[in-house]
$ cat target-v2.cif   # mmCIF, C-alpha atoms
data_entry
#
loop_
_atom_site.label_atom_id
_atom_site.label_comp_id
_atom_site.auth_asym_id
_atom_site.auth_seq_id
_atom_site.Cartn_x
_atom_site.Cartn_y
_atom_site.Cartn_z
CA MET A 1 -73.39 99.88 207.98
CA SER A 2 -77.01 100.17 206.87
CA ILE A 3 -79.25 103.12 207.57
CA LYS A 4 -81.65 100.73 209.30
CA SER A 5 -79.39 100.72 212.36
CA LEU A 6 -78.86 104.50 212.35
CA CYS A 7 -82.26 106.02 211.70
CA LYS A 8 -84.84 107.06 214.25
CA THR A 9 -87.82 104.73 214.06
CA GLU A 10 -90.19 106.90 216.07
CA VAL A 11 -91.21 109.31 213.33
CA VAL A 12 -93.74 112.08 213.86
CA THR A 13 -96.19 112.00 210.97
CA ILE A 14 -99.12 114.04 209.71
CA LYS A 15 -101.84 113.63 207.08
CA LYS A 16 -101.97 115.66 203.86
CA LYS A 17 -105.25 117.38 204.68
CA SER A 18 -104.04 118.78 208.00
CA SER A 19 -103.69 122.52 208.43
CA LEU A 20 -100.41 124.39 208.80
CA LYS A 21 -101.54 125.32 212.31
CA GLU A 22 -101.91 121.63 213.19
CA ALA A 23 -98.49 120.89 211.70
CA SER A 24 -96.87 123.74 213.61
CA GLU A 25 -98.50 122.71 216.89
CA LEU A 26 -97.44 119.09 216.38
CA MET A 27 -93.83 120.12 215.69
CA HIS A 28 -93.83 122.27 218.82
CA LYS A 29 -95.40 119.56 220.99
CA GLN A 30 -93.05 116.81 219.73
CA HIS A 31 -89.95 119.06 219.56
CA VAL A 32 -89.19 118.18 215.92
CA GLY A 33 -88.25 120.26 212.90
CA SER A 34 -90.04 118.14 210.31
CA LEU A 35 -93.04 115.92 209.79
CA VAL A 36 -93.33 113.08 207.33
CA VAL A 37 -96.62 113.34 205.49
CA VAL A 38 -98.15 109.89 205.10
CA GLU A 39 -101.05 108.20 203.39
CA ALA A 40 -102.50 104.90 204.53
CA PHE A 41 -102.32 102.07 202.00
CA ASN A 42 -103.06 98.44 202.87
CA GLY A 43 -102.33 99.09 206.52
CA ASN A 44 -98.99 100.77 205.78
CA ARG A 45 -97.91 104.38 206.22
CA ILE A 46 -96.56 105.47 202.84
CA PRO A 47 -94.56 108.73 202.77
CA CYS A 48 -96.08 111.12 200.25
CA GLY A 49 -94.37 114.30 201.43
CA ILE A 50 -92.30 116.04 204.05
CA ILE A 51 -92.81 119.42 205.66
CA THR A 52 -90.28 121.34 207.73
CA ASP A 53 -90.46 124.18 210.20
CA ARG A 54 -88.64 126.27 207.59
CA ASP A 55 -91.36 125.54 205.01
CA ILE A 56 -93.95 126.81 207.47
CA ALA A 57 -91.95 129.90 208.45
CA LEU A 58 -91.34 130.91 204.82
CA THR A 59 -94.99 130.34 203.91
CA VAL A 60 -96.39 132.24 206.88
CA GLY A 61 -94.00 135.09 206.14
CA SER A 62 -95.03 135.39 202.50
CA ALA A 63 -98.63 134.14 202.15
CA SER A 64 -101.52 136.57 202.39
CA ARG A 65 -103.76 134.04 204.20
CA PRO A 66 -101.49 131.35 205.67
CA GLN A 67 -104.19 130.23 208.11
CA GLU A 68 -106.14 128.87 205.14
CA LEU A 69 -103.29 126.72 203.78
CA GLY A 70 -102.97 123.02 204.28
CA VAL A 71 -99.95 120.77 204.62
CA ASP A 72 -100.54 119.39 201.12
CA GLN A 73 -100.14 122.87 199.63
CA ILE A 74 -96.60 123.48 200.89
CA MET A 75 -95.11 120.05 201.56
CA GLN A 76 -92.35 118.66 199.41
CA SER A 77 -94.30 116.08 197.41
CA GLN A 78 -92.73 112.78 196.42
CA PRO A 79 -89.99 113.01 199.03
CA ILE A 80 -86.56 111.60 198.36
CA THR A 81 -86.31 108.49 200.50
CA ALA A 82 -83.64 106.12 201.69
CA HIS A 83 -84.18 102.38 201.82
CA MET A 84 -83.48 100.75 205.17
CA ALA A 85 -80.75 98.62 203.53
CA ASP A 86 -78.96 101.64 202.01
CA GLY A 87 -75.47 102.32 203.24
CA LEU A 88 -74.17 105.47 204.85
CA TYR A 89 -72.27 106.65 201.76
CA GLU A 90 -75.32 106.18 199.52
CA THR A 91 -77.53 108.09 201.96
CA ILE A 92 -75.09 111.00 202.28
CA THR A 93 -74.81 111.13 198.49
CA LYS A 94 -78.62 111.39 198.17
CA MET A 95 -78.73 114.17 200.75
CA ARG A 96 -76.00 116.09 198.95
CA THR A 97 -77.43 115.51 195.48
CA TYR A 98 -80.93 116.69 196.40
CA GLY A 99 -79.94 119.27 199.02
CA VAL A 100 -82.03 117.76 201.81
CA LYS A 101 -81.16 117.31 205.48
CA ARG A 102 -83.72 114.62 206.27
CA LEU A 103 -84.79 111.47 204.47
CA PRO A 104 -87.72 109.24 205.30
CA VAL A 105 -86.48 105.64 205.43
CA VAL A 106 -88.71 103.02 203.83
CA ASP A 107 -88.88 99.23 203.88
CA ASP A 108 -89.27 96.84 200.93
CA PHE A 109 -92.96 97.73 200.62
CA GLY A 110 -92.39 101.51 200.57
CA SER A 111 -93.78 101.77 204.09
CA LEU A 112 -92.28 104.29 206.50
CA PHE A 113 -89.63 102.65 208.68
CA GLY A 114 -87.79 105.66 210.09
CA LEU A 115 -86.13 109.01 209.47
CA ILE A 116 -82.44 109.80 209.03
CA SER A 117 -81.05 113.32 209.33
CA THR A 118 -77.71 114.99 208.84
CA ASP A 119 -77.62 115.46 212.62
CA ASP A 120 -77.84 111.69 213.10
CA ILE A 121 -75.00 111.13 210.65
CA LEU A 122 -72.83 113.89 212.11
CA SER A 123 -73.29 112.42 215.59
CA LEU A 124 -72.16 109.01 214.38
CA MET A 125 -69.19 110.47 212.53
CA GLY A 126 -68.17 112.43 215.62
CA GLU A 127 -68.14 109.22 217.65
CA GLU A 128 -66.15 107.42 214.97
CA ILE A 129 -63.56 110.23 214.74
CA ASN A 130 -63.22 110.13 218.53
CA ASN A 131 -62.67 106.35 218.39
CA LEU A 132 -60.07 106.82 215.66
CA ALA A 133 -58.24 109.40 217.79
CA LYS A 134 -58.10 106.88 220.64
CA VAL A 135 -56.14 104.50 218.40
CA THR A 136 -53.23 106.91 218.58
CA GLU A 137 -53.54 107.19 222.36
CA THR A 138 -53.43 103.42 222.67
CA GLN A 139 -50.48 103.20 220.29
CA VAL A 140 -48.50 105.69 222.38
CA LYS A 141 -49.22 103.73 225.57
CA VAL A 142 -48.09 100.50 223.90
CA GLU A 143 -44.89 102.17 222.70
CA GLN A 144 -44.24 103.47 226.22
CA GLY A 145 -44.56 99.95 227.57
CA ILE A 146 -47.75 100.58 229.48
CA ARG A 147 -49.63 97.32 229.75
CA ILE A 148 -53.19 97.13 228.46
CA PRO A 149 -55.47 94.69 230.30
CA THR A 150 -55.95 91.54 228.27
CA GLU A 151 -59.73 91.92 228.10
CA LYS A 152 -59.33 95.30 226.39
CA ARG A 153 -56.96 94.09 223.69
CA VAL A 154 -58.32 93.84 220.23
CA GLN A 155 -57.48 90.64 218.40
CA LEU A 156 -56.69 91.12 214.73
#
$ encode --input "target-v2.cif" --output "structure tokens"
Amino acid sequence: MSIKSLCKTEVVTIKKKSSLKEASELMHKQHVGSLVVVEAFNGNRIPCGIITDRDIALTVGSASRPQELGVDQIMQSQPITAHMADGLYETITKMRTYGVKRLPVVDDFGSLFGLISTDDILSLMGEEINNLAKVTETQVKVEQGIRIPTEKRVQL
């Protein structure tokens, strides 16, 4: 399964020269915990950074003049990205290796396609574990002689 089918394609973005106040307000308004920082190049949105609510909170708590800081001063530059054709295992490995919870997803041209997060992956895995548990339920019903409607049978 490729990340293309799992990631969110409506990504909230911001420009490098925006202020932390603008970033914080945008996160609040859009109900997101991160923003992908993009630059325009040949009509494409190229990820050049990522900023999280945690980055802002830690900066505001420790900077003497946080109101004067811009997104470009605290963002994670050169973000680790996933390619839209990457598989789930490869994406999880990148997240674990680099210690990040969110990855911008790019297309063949390096343009922003989407965003994948650990929450997205955990949700999918929860559904898959639930489906796996239902295999046992079905097996028990079959063993007890309970008929399963033909249209619900899986052909192997």
$ closest_atom_pairs --input "target-v2.cif" --of "range 12-54 of chain A" --to "range 80-102 of chain A" --cutoff "9 Å" --atoms "only C-alpha atoms" --output "CSV"
residue,atom,partner,partner_atom,distance
A:Ser34,CA,A:Arg102,CA,8.3
A:Pro47,CA,A:Thr81,CA,8.6
A:Gly49,CA,A:Ile80,CA,8.8
A:Ile50,CA,A:Arg102,CA,9.0
$ closest_residue --input "target-v2.cif" --among "A:Gln144, A:Thr52, A:Ser19, A:Ser2" --to "Leu35 in chain A" --atoms "all atoms listed in the file"
A:Thr52
$ atom_distance --input "target-v2.cif" --atom1 "CA of Gln67 in chain A" --atom2 "CA of His28 in chain A"
16.9 Å
$ resolve_selection --input "target-v2.cif" --expression "the PyMOL selection byres ((chain A and resi 7) around 10)" --output "ChimeraX atom specification"
/A:2-6,8-11,84,103-105,113-117,120-121
$ residues_around --input "target-v2.cif" --residues "Ile51 in chain A" --least-positions-apart "2" --cutoff "10 Å" --atoms "only C-alpha atoms" --output "VMD selection string"
chain A and resid 13 to 14 20 23 to 24 33 to 37 49 53 to 56 71 to 72 74 to 77 79
$ atom_distance --input "target-v2.cif" --atom1 "CA of Gln30 in chain A" --atom2 "CA of Gly61 in chain A"
22.8 Å
$ closest_residue --input "target-v2.cif" --among "A:Asn131, A:Ser18, A:Asn44, A:Thr136" --to "Gln73 in chain A" --atoms "all atoms listed in the file"
A:Ser18
$ closest_residue --input "target-v2.cif" --among "A:Lys21, A:Lys15, A:Lys29, A:Arg45" --to "Gly110 in chain A" --atoms "all atoms listed in the file"
A:Arg45
$ closest_residue --input "target-v2.cif" --among "A:Thr138, A:Asp119, A:Phe41, A:Ile46" --to "Asp107 in chain A" --atoms "all atoms listed in the file"
A:Ile46
$ closest_residue --input "target-v2.cif" --among "A:Val106, A:Met1, A:Glu22, A:Leu124" --to "Glu68 in chain A" --atoms "all atoms listed in the file"
A:Glu22
$ atom_distance --input "target-v2.cif" --atom1 "CA of Met125 in chain A" --atom2 "CA of Val12 in chain A"
24.6 Å
$ closest_residue --input "target-v2.cif" --among "A:Asp108, A:Val32, A:Lys17, A:Met27" --to "Leu69 in chain A" --atoms "all atoms listed in the file"
A:Lys17
